[in-house]
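Undergrad: Sending over protein02.csv (CSV, C-alpha atoms and all ligand atoms).
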```
chain,number,residue,atom,x,y,z
A,1364,MET,CA,0.0,0.0,0.0
A,1365,LYS,CA,1.2,3.5,-0.8
A,1366,ARG,CA,1.1,5.8,2.2
A,1367,SER,CA,2.0,9.5,2.7
A,1368,ASP,CA,1.2,9.5,6.4
A,1369,TRP,CA,4.4,8.0,7.7
A,1370,THR,CA,5.4,9.3,11.1
A,1371,ARG,CA,9.1,9.8,11.9
A,1372,SER,CA,9.0,7.0,14.5
A,1373,GLU,CA,7.6,4.6,11.9
A,1374,VAL,CA,10.4,5.6,9.5
A,1375,ALA,CA,13.0,5.2,12.3
A,1376,GLU,CA,11.7,1.8,13.0
A,1377,ILE,CA,12.2,0.7,9.4
A,1378,TYR,CA,15.6,2.5,9.0
A,1379,ARG,CA,17.0,1.0,12.3
A,1380,LYS,CA,16.0,-2.6,11.6
A,1381,PRO,CA,18.8,-5.2,11.5
A,1382,LEU,CA,20.4,-4.6,8.1
A,1383,ILE,CA,19.8,-8.1,6.8
A,1384,GLU,CA,16.2,-7.9,7.7
A,1385,LEU,CA,15.7,-4.5,6.1
A,1386,MET,CA,17.5,-5.6,3.0
A,1387,HIS,CA,15.2,-8.6,2.7
A,1388,GLU,CA,12.1,-6.5,3.2
A,1389,ALA,CA,13.2,-3.9,0.7
A,1390,ALA,CA,14.1,-6.5,-1.9
A,1391,SER,CA,10.7,-8.1,-1.5
A,1392,VAL,CA,8.8,-4.8,-1.9
A,1393,HIS,CA,11.0,-4.1,-4.9
A,1394,ARG,CA,10.2,-7.4,-6.6
A,1395,GLU,CA,6.5,-7.0,-5.9
A,1396,ARG,CA,6.3,-3.6,-7.7
A,1397,HIS,CA,9.1,-3.6,-10.2
A,1398,ASP,CA,11.0,-5.8,-12.7
A,1399,PRO,CA,14.2,-6.2,-10.6
A,1400,ALA,CA,16.4,-6.6,-13.7
A,1401,ALA,CA,15.4,-3.3,-15.3
A,1402,VAL,CA,17.3,-0.1,-14.5
A,1403,GLN,CA,16.5,3.3,-15.9
A,1404,VAL,CA,19.4,5.0,-17.5
A,1405,SER,CA,19.5,8.8,-17.4
A,1406,ARG,CA,22.1,11.2,-18.6
A,1407,LEU,CA,23.0,14.6,-17.1
A,1408,LEU,CA,24.2,17.7,-18.8
A,1409,SER,CA,25.3,20.9,-17.1
A,1410,ILE,CA,23.8,23.6,-19.4
A,1411,LYS,CA,25.0,26.5,-17.3
A,1412,THR,CA,28.0,25.8,-15.0
A,1413,GLY,CA,29.4,27.5,-11.9
A,1414,GLY,CA,29.1,31.0,-10.6
A,1415,CYS,CA,26.0,30.2,-8.5
A,1416,SER,CA,25.0,32.7,-5.8
A,1417,GLU,CA,24.0,30.0,-3.3
A,1418,ASP,CA,26.2,28.6,-0.6
A,1419,CYS,CA,25.3,24.8,-0.6
A,1420,ALA,CA,28.3,23.4,1.3
A,1421,TYR,CA,28.7,20.4,-1.0
A,1422,CYS,CA,28.6,22.2,-4.3
A,1423,PRO,CA,31.6,22.9,-6.5
A,1424,GLN,CA,29.4,25.3,-8.5
A,1425,SER,CA,28.9,27.9,-5.8
A,1426,ALA,CA,30.7,31.2,-6.6
A,1427,ARG,CA,31.6,31.4,-2.9
A,1428,TYR,CA,34.1,28.6,-3.0
A,1429,GLN,CA,37.4,28.3,-4.9
A,1430,THR,CA,37.1,25.0,-6.8
A,1431,ALA,CA,38.4,23.7,-10.1
A,1432,VAL,CA,35.0,24.2,-11.8
A,1433,GLY,CA,35.0,27.2,-14.1
A,1434,SER,CA,32.0,29.2,-15.1
A,1435,HIS,CA,30.2,28.8,-18.4
A,1436,LYS,CA,27.3,30.7,-19.6
A,1437,LEU,CA,24.2,29.0,-20.9
A,1438,MET,CA,25.0,26.5,-23.7
A,1439,ASN,CA,23.4,27.0,-27.1
A,1440,VAL,CA,20.4,24.9,-28.2
A,1441,ALA,CA,22.3,23.0,-31.0
A,1442,ASP,CA,25.1,21.8,-28.7
A,1443,VAL,CA,22.5,20.6,-26.1
A,1444,VAL,CA,20.6,18.7,-28.8
A,1445,GLU,CA,23.8,17.2,-30.1
A,1446,SER,CA,24.6,15.9,-26.6
A,1447,ALA,CA,21.1,14.5,-26.1
A,1448,THR,CA,21.4,12.7,-29.5
A,1449,ALA,CA,24.7,11.1,-28.4
A,1450,ALA,CA,23.2,10.1,-25.0
A,1451,LYS,CA,20.2,8.5,-26.8
A,1452,ALA,CA,22.5,6.6,-29.1
A,1453,GLU,CA,24.3,5.3,-26.0
A,1454,GLY,CA,21.1,4.0,-24.6
A,1455,ALA,CA,19.9,6.8,-22.3
A,1456,THR,CA,16.1,7.2,-22.2
A,1457,ARG,CA,16.1,10.2,-19.9
A,1458,PHE,CA,18.1,13.5,-20.3
A,1459,CYS,CA,18.4,15.9,-17.5
A,1460,LEU,CA,19.5,19.5,-18.0
A,1461,GLY,CA,21.1,21.1,-14.9
A,1462,ALA,CA,21.8,24.8,-14.4
A,1463,ALA,CA,23.7,26.4,-11.6
A,1464,TRP,CA,21.0,28.9,-10.8
A,1465,ARG,CA,19.5,29.9,-7.5
A,1466,GLU,CA,16.2,30.3,-9.3
A,1467,VAL,CA,14.6,30.6,-12.8
A,1468,LYS,CA,14.2,34.1,-14.1
A,1469,ASP,CA,11.8,35.1,-16.8
A,1470,ASN,CA,14.4,36.2,-19.3
A,1471,LYS,CA,16.1,35.2,-22.6
A,1472,ASP,CA,18.0,32.4,-20.9
A,1473,PHE,CA,14.8,30.8,-19.8
A,1474,ASP,CA,13.4,31.2,-23.3
A,1475,ARG,CA,16.4,29.3,-24.5
A,1476,VAL,CA,15.9,26.5,-21.9
A,1477,ILE,CA,12.3,26.2,-23.2
A,1478,GLU,CA,13.7,25.8,-26.7
A,1479,MET,CA,16.0,23.0,-25.5
A,1480,VAL,CA,13.1,21.2,-23.8
A,1481,THR,CA,10.9,21.5,-26.9
A,1482,ALA,CA,13.6,20.0,-29.0
A,1483,ILE,CA,14.6,17.1,-26.7
A,1484,SER,CA,11.0,16.2,-26.0
A,1485,GLN,CA,10.5,15.5,-29.7
A,1486,MET,CA,13.4,13.1,-29.7
A,1487,ASP,CA,11.6,10.2,-27.9
A,1488,MET,CA,13.4,10.7,-24.6
A,1489,GLU,CA,12.1,11.9,-21.2
A,1490,VAL,CA,13.5,15.4,-20.6
A,1491,CYS,CA,14.0,16.7,-17.1
A,1492,CYS,CA,15.4,20.0,-15.7
A,1493,THR,CA,17.0,21.1,-12.5
A,1494,LEU,CA,17.2,24.8,-12.6
A,1495,GLY,CA,16.7,25.9,-8.9
A,1496,MET,CA,13.6,27.5,-7.5
A,1497,LEU,CA,10.7,28.3,-9.9
A,1498,THR,CA,7.2,29.7,-9.9
A,1499,GLU,CA,4.1,27.9,-10.9
A,1500,SER,CA,3.8,29.8,-14.1
A,1501,GLN,CA,7.4,29.0,-15.1
A,1502,ALA,CA,6.7,25.3,-14.3
A,1503,LYS,CA,3.6,25.5,-16.5
A,1504,ARG,CA,5.7,26.9,-19.4
A,1505,LEU,CA,8.2,24.0,-19.0
A,1506,LYS,CA,5.3,21.5,-19.0
A,1507,SER,CA,3.8,23.0,-22.1
A,1508,ALA,CA,7.2,22.8,-23.8
A,1509,GLY,CA,7.2,19.0,-23.2
A,1510,LEU,CA,9.1,18.7,-19.9
A,1511,HIS,CA,8.6,15.4,-18.2
A,1512,ALA,CA,10.1,15.9,-14.7
A,1513,TYR,CA,11.5,18.6,-12.5
A,1514,ASN,CA,14.4,17.7,-10.1
A,1515,HIS,CA,14.6,19.7,-6.9
A,1516,ASN,CA,16.2,17.9,-3.9
A,1517,LEU,CA,15.5,18.3,-0.2
A,1518,ASP,CA,19.1,17.2,0.3
A,1519,THR,CA,18.8,16.5,4.1
A,1520,SER,CA,16.5,16.8,7.1
A,1521,PRO,CA,14.7,20.1,7.9
A,1522,GLU,CA,16.9,20.4,11.1
A,1523,TYR,CA,20.2,19.9,9.4
A,1524,TYR,CA,19.4,21.9,6.3
A,1525,GLU,CA,20.7,25.2,7.7
A,1526,SER,CA,24.1,23.6,8.5
A,1527,ILE,CA,24.5,22.9,4.8
A,1528,ILE,CA,22.7,25.9,3.1
A,1529,THR,CA,22.0,29.3,4.6
A,1530,THR,CA,20.9,31.2,1.5
A,1531,ARG,CA,17.5,29.6,1.3
A,1532,ASP,CA,15.3,27.4,3.5
A,1533,PHE,CA,13.7,24.0,3.5
A,1534,ASP,CA,10.2,25.5,3.0
A,1535,ALA,CA,11.3,27.3,-0.2
A,1536,ARG,CA,12.3,23.8,-1.5
A,1537,LEU,CA,8.8,22.5,-0.7
A,1538,GLN,CA,7.2,25.4,-2.4
A,1539,THR,CA,9.0,24.9,-5.6
A,1540,LEU,CA,8.1,21.2,-5.5
A,1541,GLU,CA,4.5,22.2,-5.1
A,1542,HIS,CA,4.7,24.5,-8.1
A,1543,ALA,CA,6.2,21.7,-10.2
A,1544,ARG,CA,3.4,19.3,-9.0
A,1545,ASN,CA,0.6,21.8,-9.6
A,1546,ALA,CA,1.9,22.3,-13.2
A,1547,GLY,CA,1.4,18.6,-13.8
A,1548,LEU,CA,5.1,17.8,-13.9
A,1549,SER,CA,6.6,14.5,-12.6
A,1550,VAL,CA,8.6,15.2,-9.5
A,1551,CYS,CA,12.2,14.1,-8.9
A,1552,CYS,CA,13.3,14.7,-5.3
A,1553,GLY,CA,15.9,13.2,-3.1
A,1554,GLY,CA,18.9,14.0,-1.0
A,1555,ILE,CA,22.6,13.4,-0.2
A,1556,VAL,CA,24.2,11.0,2.2
A,1557,GLY,CA,27.5,11.9,3.7
A,1558,LEU,CA,27.1,15.6,4.6
A,1559,GLY,CA,28.0,14.9,8.2
A,1560,GLU,CA,24.4,14.3,9.0
A,1561,SER,CA,23.2,11.8,11.7
A,1562,ASP,CA,20.9,8.7,11.3
A,1563,ASP,CA,18.1,10.9,12.6
A,1564,ASP,CA,18.7,13.4,9.8
A,1565,ARG,CA,18.6,10.7,7.2
A,1566,ILE,CA,15.4,9.5,8.8
A,1567,GLY,CA,14.1,13.1,8.7
A,1568,LEU,CA,14.9,13.4,5.1
A,1569,LEU,CA,13.2,10.1,4.2
A,1570,ALA,CA,10.2,11.0,6.3
A,1571,SER,CA,9.9,14.3,4.5
A,1572,LEU,CA,10.1,12.6,1.1
A,1573,ALA,CA,7.6,9.9,2.0
A,1574,SER,CA,5.1,12.3,3.4
A,1575,MET,CA,4.7,14.1,0.1
A,1576,ASN,CA,1.3,13.2,-1.4
A,1577,PRO,CA,1.8,11.9,-4.0
A,1578,HIS,CA,5.3,10.6,-3.5
A,1579,PRO,CA,8.0,11.9,-5.9
A,1580,GLU,CA,8.1,9.6,-9.0
A,1581,SER,CA,11.9,9.7,-8.8
A,1582,VAL,CA,14.0,9.7,-5.6
A,1583,PRO,CA,17.7,10.3,-6.2
A,1584,ILE,CA,19.9,9.2,-3.4
A,1585,ASN,CA,23.3,10.8,-3.9
A,1586,ALA,CA,26.5,9.9,-2.0
A,1587,LEU,CA,28.4,13.1,-1.4
A,1588,VAL,CA,31.2,13.6,-3.9
A,1589,PRO,CA,33.7,15.6,-1.8
A,1590,VAL,CA,35.1,18.4,-4.0
A,1591,ALA,CA,38.3,20.3,-3.2
A,1592,GLY,CA,37.6,23.9,-2.3
A,1593,THR,CA,34.1,23.3,-0.9
A,1594,PRO,CA,33.5,23.3,2.9
A,1595,LEU,CA,32.9,19.6,2.8
A,1596,GLN,CA,36.1,18.8,0.9
A,1597,ASP,CA,37.5,16.7,3.8
A,1598,GLN,CA,34.4,14.7,4.4
A,1599,GLN,CA,34.9,11.0,3.8
A,1600,PRO,CA,32.5,9.6,1.2
A,1601,PRO,CA,29.7,7.9,3.1
A,1602,ASP,CA,29.9,4.4,4.4
A,1603,THR,CA,28.4,1.9,1.9
A,1604,TRP,CA,26.1,0.3,4.5
A,1605,THR,CA,24.6,3.7,5.2
A,1606,MET,CA,23.9,4.1,1.5
A,1607,ILE,CA,22.3,0.7,1.3
A,1608,ARG,CA,20.2,1.3,4.5
A,1609,THR,CA,19.0,4.7,3.1
A,1610,ILE,CA,18.1,3.2,-0.3
A,1611,ALA,CA,16.4,0.2,1.3
A,1612,THR,CA,14.3,2.4,3.5
A,1613,ALA,CA,13.4,4.7,0.6
A,1614,ARG,CA,12.2,1.6,-1.3
A,1615,VAL,CA,10.0,0.4,1.6
A,1616,LEU,CA,8.5,3.9,2.2
A,1617,MET,CA,7.9,4.7,-1.5
A,1618,PRO,CA,7.3,1.4,-3.1
A,1619,GLU,CA,6.4,2.7,-6.6
A,1620,ALA,CA,9.0,5.4,-6.9
A,1621,ARG,CA,12.0,5.1,-9.1
A,1622,VAL,CA,15.0,5.2,-6.6
A,1623,ARG,CA,18.1,6.5,-8.3
A,1624,LEU,CA,21.6,5.5,-7.1
A,1625,SER,CA,22.9,8.9,-8.2
A,1626,ALA,CA,26.2,10.7,-7.5
A,1627,GLY,CA,29.1,8.9,-5.8
A,1628,ARG,CA,29.1,5.6,-7.7
A,1629,LEU,CA,32.8,6.0,-8.5
A,1630,ASN,CA,33.6,5.7,-4.8
A,1631,MET,CA,31.5,2.5,-4.5
A,1632,SER,CA,32.6,-1.0,-5.3
A,1633,ALA,CA,30.7,-3.1,-7.8
A,1634,GLU,CA,29.5,-5.3,-4.9
A,1635,ALA,CA,28.2,-2.3,-3.0
A,1636,GLN,CA,26.3,-1.1,-6.1
A,1637,ALA,CA,24.9,-4.6,-6.5
A,1638,LEU,CA,23.4,-4.5,-3.0
A,1639,CYS,CA,21.9,-1.1,-3.8
A,1640,PHE,CA,20.2,-2.6,-6.9
A,1641,MET,CA,19.1,-5.6,-4.9
A,1642,VAL,CA,17.4,-3.5,-2.2
A,1643,GLY,CA,15.5,-1.3,-4.6
A,1644,ALA,CA,17.7,1.1,-6.6
A,1645,ASN,CA,16.4,1.0,-10.2
A,1646,SER,CA,17.8,4.0,-11.9
A,1647,ILE,CA,21.3,5.5,-12.5
A,1648,PHE,CA,23.1,8.3,-14.2
A,1649,SER,CA,25.3,7.0,-17.0
A,1650,GLY,CA,28.2,8.6,-18.8
A,1651,ASP,CA,31.6,9.6,-17.5
A,1652,LYS,CA,30.5,12.9,-16.1
A,1653,LEU,CA,27.7,13.9,-13.8
A,1654,LEU,CA,27.3,17.7,-13.9
A,1655,THR,CA,30.9,18.6,-13.1
A,1656,THR,CA,32.3,15.5,-11.4
A,1657,PRO,CA,33.4,12.2,-12.9
A,1658,ASN,CA,31.1,9.1,-13.0
A,1659,PRO,CA,31.7,5.5,-14.1
A,1660,ASP,CA,32.1,5.2,-17.9
A,1661,GLN,CA,29.8,3.4,-20.3
A,1662,GLN,CA,32.1,0.4,-20.6
A,1663,GLY,CA,32.3,-0.1,-16.8
A,1664,ASP,CA,28.5,0.1,-16.4
A,1665,ARG,CA,27.9,-2.2,-19.3
A,1666,ALA,CA,30.2,-4.8,-17.7
A,1667,LEU,CA,28.5,-4.3,-14.3
A,1668,PHE,CA,25.0,-4.8,-15.9
A,1669,GLN,CA,26.2,-7.9,-17.6
A,1670,ILE,CA,27.7,-9.4,-14.4
A,1671,LEU,CA,24.5,-8.7,-12.4
A,1672,GLY,CA,22.0,-9.6,-15.2
A,1673,LEU,CA,20.6,-6.1,-15.3
A,1674,ARG,CA,19.4,-4.3,-18.5
A,1675,ALA,CA,18.5,-0.7,-19.4
A,1676,MET,CA,14.8,0.0,-19.0
A,1677,SER,CA,13.0,0.7,-22.2
A,1678,LEU,CA,11.3,4.1,-22.6
A,1679,GLU,CA,7.7,2.7,-22.5
A,1680,VAL,CA,8.3,1.1,-19.1
A,1681,SER,CA,10.3,4.1,-17.9
A,1682,SER,CA,7.4,6.5,-18.7
A,1683,ARG,CA,4.7,4.4,-17.3
A,1684,PRO,CA,2.8,6.5,-14.7
A,1685,SER,CA,3.1,5.1,-11.2
B,1701,LIG,N1,21.0,24.7,-8.8
B,1701,LIG,C1,19.9,23.7,-8.8
B,1701,LIG,C2,19.5,23.3,-7.4
B,1701,LIG,O1,20.3,23.4,-6.5
B,1701,LIG,O2,18.4,22.8,-7.2
B,1701,LIG,C3,20.2,22.5,-9.6
B,1701,LIG,C4,21.5,21.9,-9.7
B,1701,LIG,S1,22.2,21.2,-8.2
B,1701,LIG,C5,23.9,20.9,-8.7
B,1701,LIG,C6,21.4,19.6,-8.1
B,1701,LIG,C7,21.7,18.7,-7.0
B,1701,LIG,O3,22.9,18.1,-7.1
B,1701,LIG,C8,21.7,19.3,-5.6
B,1701,LIG,O4,20.5,19.5,-5.0
B,1701,LIG,C9,22.5,18.2,-4.8
B,1701,LIG,O5,21.6,17.2,-4.3
B,1701,LIG,C10,23.3,17.5,-5.9
B,1701,LIG,N2,24.8,17.7,-5.7
B,1701,LIG,C11,25.5,18.8,-6.0
B,1701,LIG,N3,26.8,18.7,-5.6
B,1701,LIG,C12,26.9,17.4,-5.1
B,1701,LIG,C13,28.0,16.7,-4.6
B,1701,LIG,N4,29.2,17.2,-4.5
B,1701,LIG,N5,27.8,15.4,-4.2
B,1701,LIG,C14,26.6,14.9,-4.3
B,1701,LIG,N6,25.5,15.5,-4.8
B,1701,LIG,C15,25.6,16.8,-5.2
B,1702,LIG,C1,20.7,14.6,-8.4
B,1702,LIG,O1,20.0,14.3,-7.3
B,1702,LIG,N1,21.9,14.4,-8.6
B,1702,LIG,C2,22.4,15.0,-9.8
B,1702,LIG,C3,21.1,15.5,-10.4
B,1702,LIG,N2,20.1,15.3,-9.4
B,1702,LIG,C4,21.0,16.9,-10.9
B,1702,LIG,C5,23.5,15.9,-9.7
B,1702,LIG,C6,24.7,15.3,-9.0
B,1702,LIG,C7,25.8,16.3,-9.0
B,1702,LIG,C8,27.1,15.8,-8.5
B,1702,LIG,C9,28.1,16.8,-8.4
B,1702,LIG,C10,28.5,17.4,-9.8
B,1702,LIG,O2,28.8,16.6,-10.7
B,1702,LIG,O3,28.7,18.6,-9.9
B,1703,LIG,FE1,23.8,26.6,-6.8
B,1703,LIG,FE2,22.4,24.3,-7.0
B,1703,LIG,FE3,25.1,24.2,-6.4
B,1703,LIG,FE4,23.4,25.1,-4.6
B,1703,LIG,S1,23.4,23.0,-5.5
B,1703,LIG,S2,25.3,26.1,-5.2
B,1703,LIG,S3,21.8,26.1,-5.9
B,1703,LIG,S4,24.1,25.0,-8.3
```
Can you turn what I pasted into structure tokens?
TA:
Amino acid sequence: MKRSDWTRSEVAEIYRKPLIELMHEAASVHRERHDPAAVQVSRLLSIKTGGCSEDCAYCPQSARYQTAVGSHKLMNVADVVESATAAKAEGATRFCLGAAWREVKDNKDFDRVIEMVTAISQMDMEVCCTLGMLTESQAKRLKSAGLHAYNHNLDTSPEYYESIITTRDFDARLQTLEHARNAGLSVCCGGIVGLGESDDDRIGLLASLASMNPHPESVPINALVPVAGTPLQDQQPPDTWTMIRTIATARVLMPEARVRLSAGRLNMSAEAQALCFMVGANSIFSGDKLLTTPNPDQQGDRALFQILGLRAMSLEVSSRPS
């Protein structure tokens, strides 16, 4: 049964189960609701990079930190379409455009993003955007242009949020998500493990995600990629068991969502990723770059899929409403 009335203590009870038991429960829920061999393959593209006014402590694109990531103004439409075409040829069924913006502004740049969305949506691929905060009318414009989903992460618990980001608050995130939902967009919303948060914070994040009604259709669980120059540069990548526990709990709480094993796979062994797929992850980002940081290459992922008997989900299945 799909529920949006999870209490924090119910979520804690699931999250804190003996790991083997939680893994079994999550794997069972996963098999009841999904084809466990099918994994959605998405591709990311940073269409506007760096120079962001926000202070998200994990992010190499914030203008406040000295990182190796340079600034690039908004890409042109033809280059974005070329990149989407290449991603499709390599088997991606979903293409996500990311911009290092605090928020969407009604200007020429947004007009250009609308052109990109229009073009890619006609290519038989799901197109998603992650552009920061947006209003309902901007969300409606994106929807009319053919946008499938909007990504906007809660990142961590409401309590820990202000230790990671001070330039906006948790409620502003919820508002943008509501705007996307009201515009009829599919919602992609998740968080990051490894920010220095506690188990209670991960429980708080999962409870916030699972209390959305309806649940987000996609739930990206990112492992922090520590980047030199950011305040979290010295943070160790999160412990594998914590990633597995978080993904398994997400699967039990949101049985029909697509749970994405997102950033941080390069720091995970094949065995660790296998356990994540077993307990419910059924989506990844493919290609050797995420937005600005490296990701396993096509060849490595192809080999991993072969070893595990996984296959890329077809577009029809991937677009099926939950
Ligand atoms: N600027 C927009 C925003 O913040 O919503 C969109 C782009 S932002 C880079 C998208 C998401 O990437 C963030 O919400 C965060 O969850 C994730 N992210 C960014 N840097 C990361 C890192 N170093 N490790 C893991 N996830 C990261
Ligand atoms: C999400 O949850 N993870 C993606 C996507 N949504 C936009 C971004 C990961 C970014 C990792 C750091 C980087 O490459 O800059
Ligand atoms: Fe800007 Fe998004 Fe990075 Fe925060 S996560 S600094 S809003 S690009």
Undergrad: Need the neighbours of (18.4, 8.2, 9.5): which residues are at most 9 Å away, counting all atoms listed in the file, as a list of chain:residue names?
TA: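 Returned residue set, sorted by chain then number, is A:Val1374, A:Ala1375, A:Tyr1378, A:Arg1379, A:Glu1560, A:Ser1561, A:Asp1562, A:Asp1563, A:Asp1564, A:Arg1565, A:Ile1566, A:Gly1567, A:Leu1568, A:Leu1569, A:Thr1605, A:Arg1608, A:Thr1609.
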Undergrad: Any idea what the distance is between atom CA of Cys1639 of chain A and atom CA of Arg1396 of chain A?
TA: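 Spanning atom CA of Cys1639 of chain A to atom CA of Arg1396 of chain A is a straight-line distance of 16.3 Å.
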Undergrad: Suppose you want the space between atom CA of Ala1441 of chain A and atom CA of Gly1663 of chain A; what is it in Å?
TA: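 The value is 28.9 Å.
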Undergrad: Can you work out which residues are within 8 Å of ligand LIG 1703 (chain B), considering all atoms listed in the file, and then hand them over as a list of chain:residue names?
TA: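 Written in the requested form, the residues are A:Thr1412, A:Gly1413, A:Gly1414, A:Cys1415, A:Ser1416, A:Glu1417, A:Asp1418, A:Cys1419, A:Ala1420, A:Tyr1421, A:Cys1422, A:Pro1423, A:Gln1424, A:Ser1425, A:Ala1426, A:Ala1462, A:Ala1463, A:Trp1464, A:Arg1465, A:Glu1466, A:Leu1494, A:Gly1495, A:Ile1528.
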Undergrad: Between A:Ser1571, A:Thr1481, A:Ser1649, A:Thr1430, which residue has the minimum interatomic distance to ligand LIG 1701 (chain B), considering all atoms listed in the file?
TA: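 Checking each of A:Ser1571, A:Thr1481, A:Ser1649, A:Thr1430 against ligand LIG 1701 (chain B), counting all atoms listed in the file, the winner is A:Thr1430.
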Undergrad: Find the residues near Thr1498 of chain A: any atom within 12 Å, counting only C-alpha atoms, skip ones fewer than 6 places away on the same chain, and give them as a list of chain:residue names.
TA: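 Listing them by chain and then by number gives A:Glu1466, A:Val1467, A:Lys1468, A:Asp1469, A:Arg1504, A:Leu1505, A:Ala1535, A:Arg1536, A:Leu1537, A:Gln1538, A:Thr1539, A:Leu1540, A:Glu1541, A:His1542, A:Ala1543, A:Arg1544, A:Asn1545, A:Ala1546.
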Undergrad: So which residues touch Gly1547 of chain A within 10 Å, counting all atoms listed in the file, skipping near sequence neighbours fewer than 5 positions away, as a list in words?
TA: Ala1502, Lys1503, Lys1506, Ser1507, Leu1510, His1511, Ala1512, Glu1541 and His1542 of chain A
Undergrad: Check the smallest atom-to-atom distance from each of A:Ala1390, A:Ala1508, A:Ala1626, A:Ala1591 to Ala1431 of chain A using only C-alpha atoms, then report the winner.
TA: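 With only C-alpha atoms as the atom set, the closest residue is A:Ala1591.
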Undergrad: Taking only C-alpha atoms and all ligand atoms into account, list the residues no farther than 10 Å from ligand LIG 1702 (chain B), as a PyMOL selection string.
TA: chain A and resi 1405-1409+1412-1413+1421-1424+1432+1459-1463+1491-1494+1513-1518+1551-1555+1581-1590+1623-1627+1647-1648+1652-1658
Undergrad: What gap, in Å, lies between atom CA of Arg1665 of chain A and atom C3 of ligand LIG 1701 (chain B)?
TA: 27.6 Å
Undergrad: Find the residue from A:Leu1671, A:Ile1410, A:Ala1573, A:Ala1401 that sits nearest to ligand LIG 1701 (chain B); use all atoms listed in the file when measuring.
TA: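 For ligand LIG 1701 (chain B), the nearest of the given residues is A:Ile1410.
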